[in-house]
file final_4.txt (compact mmCIF, C-alpha atoms and all ligand atoms)
# COMPACT_ATOMS: atom_id res chain seq x y z
CA MET X 1 100.96 73.82 72.52
CA LYS X 2 100.87 70.87 74.90
CA ILE X 3 100.58 71.90 78.56
CA SER X 4 101.29 69.52 81.44
CA GLU X 5 101.94 69.93 85.16
CA ILE X 6 105.37 69.87 86.79
CA SER X 7 104.40 67.85 89.82
CA ASN X 8 105.05 65.12 92.27
CA ASN X 9 102.15 63.02 93.53
CA LYS X 10 101.16 65.52 96.24
CA THR X 11 101.95 68.92 94.81
CA SER X 12 101.84 70.78 91.53
CA ALA X 13 103.95 73.76 90.58
CA GLY X 14 104.08 75.39 87.19
CA TYR X 15 103.69 74.00 83.70
CA ILE X 16 105.74 72.15 81.13
CA LEU X 17 105.08 73.66 77.69
CA GLU X 18 105.80 71.64 74.57
CA PRO X 19 105.14 72.44 70.92
CA LEU X 20 102.56 70.45 68.99
CA LYS X 21 103.89 71.34 65.54
CA GLN X 22 105.66 74.68 65.61
CA LYS X 23 109.06 74.01 67.17
CA ASN X 24 110.32 77.55 66.61
CA ILE X 25 109.81 79.17 70.00
CA PHE X 26 110.29 82.64 68.50
CA GLU X 27 107.10 82.30 66.47
CA ILE X 28 104.93 81.61 69.50
CA ASP X 29 103.02 84.41 71.23
CA LYS X 30 105.23 85.81 74.00
CA GLN X 31 102.19 87.26 75.80
CA GLU X 32 100.83 83.74 76.29
CA PHE X 33 104.05 82.72 78.11
CA ILE X 34 103.92 85.85 80.28
CA LYS X 35 100.32 85.15 81.29
CA ILE X 36 101.17 81.59 82.37
CA PHE X 37 104.33 82.73 84.14
CA LYS X 38 102.50 85.40 86.16
CA GLU X 39 99.94 82.86 87.29
CA LYS X 40 102.10 79.77 87.88
CA GLY X 41 105.57 81.17 88.66
CA VAL X 42 107.46 78.39 86.81
CA ILE X 43 107.56 77.26 83.17
CA ILE X 44 109.66 74.50 81.61
CA PHE X 45 110.06 74.91 77.85
CA ARG X 46 110.61 71.44 76.39
CA ASN X 47 111.32 70.19 72.85
CA PHE X 48 111.56 73.69 71.40
CA ASN X 49 114.99 73.22 69.85
CA LEU X 50 116.48 75.68 72.30
CA ASN X 51 120.25 75.51 72.18
CA LYS X 52 123.29 77.43 73.27
CA GLU X 53 123.03 79.72 70.24
CA ASN X 54 119.52 80.91 70.91
CA ILE X 55 118.81 80.73 74.66
CA ILE X 56 120.01 84.28 75.34
CA LYS X 57 118.03 85.51 72.32
CA PHE X 58 114.97 83.96 74.01
CA THR X 59 115.67 85.21 77.57
CA ASP X 60 116.33 88.68 76.07
CA LEU X 61 112.61 88.80 75.16
CA PHE X 62 111.70 88.84 78.87
CA THR X 63 114.66 90.76 80.29
CA SER X 64 115.36 94.46 80.61
CA LYS X 65 118.49 93.92 82.75
CA TYR X 66 120.59 90.89 83.68
CA ALA X 67 122.04 90.43 87.18
CA ASN X 68 125.75 90.95 87.54
CA ASP X 69 126.85 87.61 88.92
CA ALA X 70 129.94 87.46 86.73
CA LEU X 71 132.48 87.82 89.53
CA ARG X 72 131.21 84.81 91.43
CA ARG X 73 130.67 82.17 88.80
CA THR X 74 132.39 80.94 85.70
CA THR X 75 130.83 82.23 82.50
CA ARG X 76 129.66 79.74 79.88
CA LEU X 77 129.10 79.60 76.14
CA GLY X 78 131.09 82.79 75.62
CA ASN X 79 128.35 84.99 77.07
CA LYS X 80 128.81 87.11 80.19
CA ASN X 81 125.20 86.51 81.21
CA ILE X 82 125.40 82.70 81.16
CA HIS X 83 127.00 80.99 84.17
CA ASN X 84 127.57 77.62 85.75
CA VAL X 85 125.25 76.73 88.60
CA ASP X 86 126.68 76.35 92.11
CA PRO X 87 129.66 73.98 92.05
CA GLY X 88 130.10 70.75 94.02
CA ILE X 89 128.03 67.61 94.37
CA LYS X 90 126.43 68.16 97.78
CA GLU X 91 122.76 68.74 98.31
CA MET X 92 121.82 72.42 98.06
CA PRO X 93 118.94 73.40 100.34
CA LEU X 94 116.06 75.59 99.16
CA HIS X 95 116.91 79.24 98.57
CA SER X 96 115.94 82.12 96.33
CA GLU X 97 118.90 83.15 94.19
CA ALA X 98 120.73 86.11 95.79
CA SER X 99 117.76 86.88 98.05
CA TYR X 100 120.34 88.32 100.47
CA SER X 101 121.48 90.91 97.97
CA PRO X 102 120.30 94.31 96.71
CA SER X 103 120.62 92.70 93.24
CA TRP X 104 117.88 90.12 93.77
CA PRO X 105 116.95 88.64 90.37
CA GLU X 106 113.27 88.64 89.45
CA ILE X 107 113.65 85.65 87.14
CA ILE X 108 116.19 82.86 87.05
CA TRP X 109 116.60 80.51 84.13
CA PHE X 110 118.17 77.05 84.11
CA TYR X 111 119.13 75.48 80.80
CA CYS X 112 119.80 71.75 80.86
CA ASN X 113 122.75 70.87 78.66
CA LYS X 114 123.16 67.37 80.10
CA ALA X 115 120.36 65.93 82.21
CA PRO X 116 121.30 63.91 85.30
CA LEU X 117 119.90 60.38 85.25
CA ASN X 118 119.42 59.26 88.85
CA SER X 119 120.53 62.10 91.11
CA GLY X 120 121.26 65.82 91.25
CA TYR X 121 117.69 66.83 90.48
CA THR X 122 116.94 70.54 90.72
CA THR X 123 114.32 71.13 93.41
CA ILE X 124 111.70 73.89 93.42
CA CYS X 125 109.17 74.99 96.01
CA ASP X 126 106.42 77.60 95.82
CA GLY X 127 106.94 80.18 98.61
CA GLN X 128 103.24 81.09 98.42
CA ARG X 129 102.28 77.55 99.21
CA ILE X 130 104.75 77.42 102.11
CA TYR X 131 103.38 80.67 103.56
CA LYS X 132 99.75 79.56 103.23
CA ASN X 133 100.54 76.41 105.20
CA PHE X 134 102.17 78.20 108.12
CA ARG X 135 100.15 78.29 111.30
CA SER X 136 99.29 81.75 112.50
CA GLU X 137 102.17 82.02 114.99
CA ILE X 138 104.74 81.39 112.25
CA LYS X 139 103.06 83.86 109.88
CA LYS X 140 103.17 86.51 112.61
CA PHE X 141 106.80 85.72 113.38
CA PHE X 142 107.97 86.38 109.82
CA LEU X 143 105.66 89.36 109.32
CA GLU X 144 107.21 91.04 112.37
CA ASN X 145 110.86 90.03 112.21
CA GLN X 146 113.41 91.15 109.67
CA VAL X 147 116.41 89.05 108.69
CA ILE X 148 119.93 90.48 108.58
CA TYR X 149 122.28 89.18 105.90
CA ASP X 150 125.93 89.96 106.68
CA LEU X 151 127.75 90.03 103.33
CA LYS X 152 131.04 90.38 101.51
CA ILE X 153 130.61 91.00 97.81
CA PRO X 154 133.62 91.11 95.48
CA PHE X 155 134.03 94.13 93.22
CA GLN X 156 136.40 95.37 90.57
CA LEU X 157 137.55 98.95 90.77
CA LYS X 158 136.87 100.95 87.62
CA GLN X 159 139.28 103.72 88.61
CA LYS X 160 142.49 102.37 90.08
CA ASN X 161 143.45 105.84 91.39
CA ILE X 162 140.68 105.62 94.01
CA ILE X 163 143.10 103.63 96.18
CA THR X 164 144.35 105.62 99.14
CA LYS X 165 146.15 104.76 102.34
CA ILE X 166 142.83 103.96 103.98
CA LYS X 167 142.10 100.35 103.12
CA LYS X 168 138.62 100.20 104.63
CA ARG X 169 136.48 103.19 103.84
CA PRO X 170 132.84 103.88 104.73
CA TRP X 171 130.61 103.41 101.72
CA HIS X 172 126.94 103.26 100.85
CA ILE X 173 124.74 101.37 98.42
CA ASP X 174 121.53 103.04 97.27
CA TYR X 175 119.18 100.37 98.49
CA PRO X 176 116.79 100.42 101.47
CA GLY X 177 117.94 98.15 104.31
CA VAL X 178 121.68 98.35 103.55
CA HIS X 179 123.75 99.33 106.60
CA ASP X 180 127.28 99.05 108.07
CA CYS X 181 128.67 99.38 104.56
CA TYR X 182 132.45 99.54 103.89
CA LEU X 183 134.63 99.30 100.86
CA ASN X 184 137.54 97.02 101.65
CA LEU X 185 140.33 98.00 99.27
CA ARG X 186 142.65 95.32 100.58
CA THR X 187 140.34 92.40 99.73
CA ASN X 188 138.42 94.14 96.91
CA GLU X 189 135.15 93.47 98.67
CA VAL X 190 132.19 95.53 99.75
CA ASN X 191 131.23 94.54 103.30
CA PHE X 192 127.69 95.38 104.36
CA LYS X 193 124.55 94.13 106.04
CA LEU X 194 121.14 93.97 104.40
CA LYS X 195 117.86 93.93 106.30
CA ARG X 196 114.97 92.20 104.54
CA TYR X 197 111.76 90.36 105.41
CA ALA X 198 111.71 86.61 104.76
CA VAL X 199 108.16 87.00 103.40
CA VAL X 200 107.52 89.23 100.38
CA LYS X 201 104.55 90.22 98.24
CA ASP X 202 104.57 88.74 94.76
CA LYS X 203 104.74 91.40 92.04
CA TYR X 204 102.20 89.62 89.84
CA ASN X 205 99.44 88.30 92.10
CA SER X 206 100.13 90.21 95.36
CA GLU X 207 100.11 87.00 97.43
CA LEU X 208 102.74 86.60 100.16
CA SER X 209 105.65 84.24 99.52
CA PHE X 210 108.12 82.78 101.97
CA VAL X 211 111.20 83.32 99.82
CA ASN X 212 114.66 83.89 101.26
CA HIS X 213 118.04 82.39 102.21
CA LEU X 214 117.14 81.10 105.67
CA GLN X 215 117.53 77.39 104.88
CA ILE X 216 120.94 77.62 103.26
CA ILE X 217 124.03 76.01 104.81
CA LEU X 218 126.29 78.97 105.51
CA ASN X 219 129.64 77.96 104.05
CA ARG X 220 128.11 77.07 100.66
CA ASP X 221 127.89 80.67 99.54
CA PRO X 222 131.12 82.65 99.98
CA GLN X 223 129.27 85.97 99.84
CA VAL X 224 127.17 85.31 102.94
CA LYS X 225 129.04 85.58 106.23
CA LYS X 226 126.14 85.36 108.66
CA ILE X 227 122.35 85.25 108.70
CA TYR X 228 120.42 86.23 111.82
CA LEU X 229 117.31 87.99 113.02
CA GLU X 230 117.38 91.71 113.68
CA LYS X 231 115.83 91.11 117.10
CA LYS X 232 117.17 87.99 118.76
CA ASN X 233 114.33 85.55 119.39
CA ALA X 234 114.52 82.29 121.34
CA LYS X 235 111.78 80.71 119.19
CA PHE X 236 113.72 81.08 115.92
CA LYS X 237 115.41 77.66 115.93
CA LYS X 238 112.18 75.76 116.63
CA ILE X 239 110.29 77.79 114.03
CA MET X 240 112.93 77.03 111.39
CA GLU X 241 112.57 73.30 112.08
CA GLU X 242 108.86 73.61 111.36
CA VAL X 243 109.53 75.72 108.25
CA LYS X 244 111.82 73.01 106.84
CA LYS X 245 109.20 70.35 107.47
CA ILE X 246 106.51 72.34 105.66
CA SER X 247 108.85 73.25 102.76
CA ASN X 248 109.81 69.60 102.31
CA GLU X 249 106.17 68.65 101.92
CA TYR X 250 105.80 70.88 98.88
CA ILE X 251 109.21 70.41 97.28
CA ILE X 252 109.28 69.14 93.70
CA ASP X 253 112.16 67.47 91.83
CA ILE X 254 112.55 68.57 88.23
CA SER X 255 113.11 65.59 85.96
CA TRP X 256 115.26 67.24 83.33
CA ASN X 257 115.39 66.44 79.63
CA ASN X 258 118.34 67.66 77.58
CA GLY X 259 117.51 71.04 76.04
CA ASP X 260 114.93 72.03 78.69
CA LEU X 261 114.81 75.66 79.70
CA CYS X 262 113.21 76.42 83.06
CA MET X 263 111.99 79.94 83.86
CA ILE X 264 111.43 80.62 87.59
CA ASN X 265 109.87 83.58 89.43
CA ASN X 266 112.76 83.93 91.89
CA GLN X 267 110.84 86.25 94.21
CA ARG X 268 108.12 83.63 94.66
CA PHE X 269 109.77 80.20 94.25
CA MET X 270 112.85 78.81 95.99
CA HIS X 271 115.09 76.22 94.37
CA GLY X 272 117.84 73.83 95.37
CA ARG X 273 119.49 70.62 94.28
CA ARG X 274 119.57 67.00 95.40
CA LYS X 275 122.97 65.46 96.06
CA ILE X 276 124.78 64.40 92.87
CA HIS X 277 126.07 60.81 92.73
CA LYS X 278 129.79 60.54 92.08
CA ASN X 279 129.53 59.03 88.61
CA GLU X 280 126.69 61.23 87.45
CA GLU X 281 127.21 63.73 84.66
CA ARG X 282 125.13 66.85 85.01
CA ASP X 283 125.44 70.15 83.19
CA ILE X 284 122.95 72.86 83.99
CA ILE X 285 123.62 76.50 83.29
CA ASN X 286 122.12 79.56 84.82
CA ILE X 287 120.94 82.96 83.57
CA GLN X 288 119.64 85.64 85.92
CA THR X 289 117.20 88.37 84.95
CA LEU X 290 117.50 91.19 87.45
CA LYS X 291 114.57 93.15 85.98
CA SER X 292 111.97 91.63 83.74
CA SER X 293 110.66 93.51 80.71
CA PHE X 294 107.00 92.91 81.52
FE FE C 1 120.78 78.80 93.37
call {"tool": "encode", "arguments": {"input": "final_4.txt", "output": "structure tokens", "more": "lines below"}}
Ligand SMILES: [Fe+2]
result
Amino acid sequence: MKISEISNNKTSAGYILEPLKQKNIFEIDKQEFIKIFKEKGVIIFRNFNLNKENIIKFTDLFTSKYANDALRRTTRLGNKNIHNVDPGIKEMPLHSEASYSPSWPEIIWFYCNKAPLNSGYTTICDGQRIYKNFRSEIKKFFLENQVIYDLKIPFQLKQKNIITKIKKRPWHIDYPGVHDCYLNLRTNEVNFKLKRYAVVKDKYNSELSFVNHLQIILNRDPQVKKIYLEKKNAKFKKIMEEVKKISNEYIIDISWNNGDLCMINNQRFMHGRRKIHKNEERDIINIQTLKSSF
């Protein structure tokens, strides 16, 4: 296997893996991939003849449960676990997929069906690297303060007869940090707030990662109504300016090839997208592993 760095001139993040002879990805030792993934957090599988018929067969090898994102995004390739990425052509700032939600995927996968040529690059940034480069005051700030995500998540009722005259009923979700939870039977949404730290411990190497939704532009994600700190803090705005500066120093653009599959530790790395030029064709699809199998 040929191994090279995904990098820009200042920063490295993860590996590109390419076959030397054996192009059948299913005959290569899965444990080797897992070892690299745990250490690096990102792998791009290139030139492995991965296609729409076999990508799910491959992601199945690393997945015990997929995230249920089906209500938000259009499904692709006739599979309920394959979706379009976020629509539109605007730049998408760094975020960790659904890091505001109790269903926070451990791994996200991007499969490149049609690579963009000169714009619309997917961006990635290692939250561990961001955290390490914070000065002590910023580290302390995020270690102390929790973020509140105010959410409205669509749902489909399994039993229609649950509907009563009360359109907004108190509800709960079995997940620590969820509060002010209501089932809105008029809009078919669950409204709730989730409390979570912006810095989390990586499951594989126990390092701290700055990985969250704090840099997102609010109206881009219809599920997120508001994002704020649990305890109001006058320094927050200034600190976020510094966070953006540091994140931008370590951001990497993925130069896609058609047929690439990128596997990302979503609770360590954040991702985003550069603006897409009007005439650019770009087709990247997304798979979300809620729980990995390793
Ligand atoms: Fe995303």
call {"tool": "closest_residue", "arguments": {"input": "final_4.txt", "among": "X:Ile55, X:Ile89, X:Cys262, X:Leu290", "to": "Lys278 of chain X", "atoms": "only C-alpha atoms"}}
result
X:Ile89
call {"tool": "atom_distance", "arguments": {"input": "final_4.txt", "atom1": "atom CA of Glu230 of chain X", "atom2": "atom CA of His172 of chain X"}}
result
19.7 Å
call {"tool": "residues_around", "arguments": {"input": "final_4.txt", "residues": "Tyr182 of chain X", "least_positions_apart": "4", "cutoff": "7 Å", "atoms": "only C-alpha atoms", "output": "ChimeraX atom specification"}}
result
/X:168-171,190-192
call {"tool": "closest_residue", "arguments": {"input": "final_4.txt", "among": "X:Ser64, X:Asn265, X:Asn24, X:Thr123", "to": "Ile6 of chain X", "atoms": "all atoms listed in the file"}}
result
X:Thr123
call {"tool": "atom_distance", "arguments": {"input": "final_4.txt", "atom1": "atom CA of Ile239 of chain X", "atom2": "atom CA of Val147 of chain X"}}
result
13.9 Å
call {"tool": "closest_residue", "arguments": {"input": "final_4.txt", "among": "X:Asn113, X:Thr11, X:Asn233, X:Ser4", "to": "Ile284 of chain X", "atoms": "only C-alpha atoms"}}
result
X:Asn113
call {"tool": "closest_residue", "arguments": {"input": "final_4.txt", "among": "X:Ser136, X:Asn81, X:Asn212, X:Ser103", "to": "Phe269 of chain X", "atoms": "only C-alpha atoms"}}
result
X:Asn212
call {"tool": "closest_residue", "arguments": {"input": "final_4.txt", "among": "X:Tyr175, X:Phe48, X:Phe33, X:Trp109", "to": "ligand FE 1 (chain C)", "atoms": "all atoms listed in the file"}}
result
X:Trp109
call {"tool": "residues_around", "arguments": {"input": "final_4.txt", "residues": "Ile25 of chain X", "least_positions_apart": "4", "cutoff": "10 Å", "atoms": "all atoms listed in the file", "output": "ChimeraX atom specification"}}
result
/X:18-19,29-30,45,47-50,54,58
call {"tool": "residues_near_ligand", "arguments": {"input": "final_4.txt", "ligand": "ligand FE 1 (chain C)", "cutoff": "10 Å", "atoms": "all atoms listed in the file", "output": "VMD selection string"}}
result
chain X and resid 85 to 86 92 to 99 108 110 122 213 216 221 266 270 to 273 286
call {"tool": "atom_distance", "arguments": {"input": "final_4.txt", "atom1": "atom CA of Lys225 of chain X", "atom2": "atom CA of Lys195 of chain X"}}
result
14.0 Å
call {"tool": "closest_residue", "arguments": {"input": "final_4.txt", "among": "X:Tyr197, X:Tyr111, X:Tyr15, X:Phe141", "to": "Trp256 of chain X", "atoms": "only C-alpha atoms"}}
result
X:Tyr111
call {"tool": "residues_around", "arguments": {"input": "final_4.txt", "residues": "Glu53 of chain X", "least_positions_apart": "5", "cutoff": "12 Å", "atoms": "only C-alpha atoms", "output": "PyMOL selection string"}}
result
chain X and resi 58-59+76-79+82+259
call {"tool": "residues_around", "arguments": {"input": "final_4.txt", "residues": "Tyr100 of chain X", "least_positions_apart": "5", "cutoff": "10 Å", "atoms": "all atoms listed in the file", "output": "list in words"}}
result
His95, Val147, Ile148, Tyr149, Asp150, Leu151, Lys193, Leu194, Lys195, Arg196, Ala198, Asn212, His213, Leu214, Gln223, Val224 and Ile227 of chain X
call {"tool": "build_atoms", "arguments": {"input": "final_4.txt", "residues": "segment 245-258 of chain X", "atoms": "N, CA and C atoms", "output": "PDB file, keeping the file's coordinate frame"}}
result
ATOM      1  N   LYS X 245     110.150  71.448 107.607  1.00  0.00           N
ATOM      2  CA  LYS X 245     109.200  70.350 107.470  1.00  0.00           C
ATOM      3  C   LYS X 245     108.111  70.712 106.444  1.00  0.00           C
ATOM      4  N   ILE X 246     107.572  71.907 106.578  1.00  0.00           N
ATOM      5  CA  ILE X 246     106.510  72.340 105.660  1.00  0.00           C
ATOM      6  C   ILE X 246     107.066  72.482 104.237  1.00  0.00           C
ATOM      7  N   SER X 247     108.251  73.086 104.099  1.00  0.00           N
ATOM      8  CA  SER X 247     108.850  73.250 102.760  1.00  0.00           C
ATOM      9  C   SER X 247     109.061  71.891 102.104  1.00  0.00           C
ATOM     10  N   ASN X 248     109.542  70.920 102.872  1.00  0.00           N
ATOM     11  CA  ASN X 248     109.810  69.600 102.310  1.00  0.00           C
ATOM     12  C   ASN X 248     108.559  68.906 101.806  1.00  0.00           C
ATOM     13  N   GLU X 249     107.422  69.251 102.383  1.00  0.00           N
ATOM     14  CA  GLU X 249     106.170  68.650 101.920  1.00  0.00           C
ATOM     15  C   GLU X 249     105.795  69.105 100.522  1.00  0.00           C
ATOM     16  N   TYR X 250     106.228  70.321 100.164  1.00  0.00           N
ATOM     17  CA  TYR X 250     105.800  70.880  98.880  1.00  0.00           C
ATOM     18  C   TYR X 250     106.939  70.981  97.864  1.00  0.00           C
ATOM     19  N   ILE X 251     108.054  70.354  98.181  1.00  0.00           N
ATOM     20  CA  ILE X 251     109.210  70.410  97.280  1.00  0.00           C
ATOM     21  C   ILE X 251     108.971  69.504  96.073  1.00  0.00           C
ATOM     22  N   ILE X 252     109.442  69.935  94.919  1.00  0.00           N
ATOM     23  CA  ILE X 252     109.280  69.140  93.700  1.00  0.00           C
ATOM     24  C   ILE X 252     110.638  68.956  93.026  1.00  0.00           C
ATOM     25  N   ASP X 253     110.927  67.731  92.584  1.00  0.00           N
ATOM     26  CA  ASP X 253     112.160  67.470  91.830  1.00  0.00           C
ATOM     27  C   ASP X 253     111.877  67.679  90.348  1.00  0.00           C
ATOM     28  N   ILE X 254     112.724  68.424  89.683  1.00  0.00           N
ATOM     29  CA  ILE X 254     112.550  68.570  88.230  1.00  0.00           C
ATOM     30  C   ILE X 254     113.258  67.409  87.541  1.00  0.00           C
ATOM     31  N   SER X 255     112.499  66.656  86.765  1.00  0.00           N
ATOM     32  CA  SER X 255     113.110  65.590  85.960  1.00  0.00           C
ATOM     33  C   SER X 255     113.528  66.205  84.633  1.00  0.00           C
ATOM     34  N   TRP X 256     114.790  66.514  84.508  1.00  0.00           N
ATOM     35  CA  TRP X 256     115.260  67.240  83.330  1.00  0.00           C
ATOM     36  C   TRP X 256     115.313  66.372  82.076  1.00  0.00           C
ATOM     37  N   ASN X 257     115.039  67.008  80.933  1.00  0.00           N
ATOM     38  CA  ASN X 257     115.390  66.440  79.630  1.00  0.00           C
ATOM     39  C   ASN X 257     116.470  67.345  79.040  1.00  0.00           C
ATOM     40  N   ASN X 258     117.355  66.796  78.236  1.00  0.00           N
ATOM     41  CA  ASN X 258     118.340  67.660  77.580  1.00  0.00           C
ATOM     42  C   ASN X 258     117.626  68.717  76.759  1.00  0.00           C
TER      43      ASN X 258
END
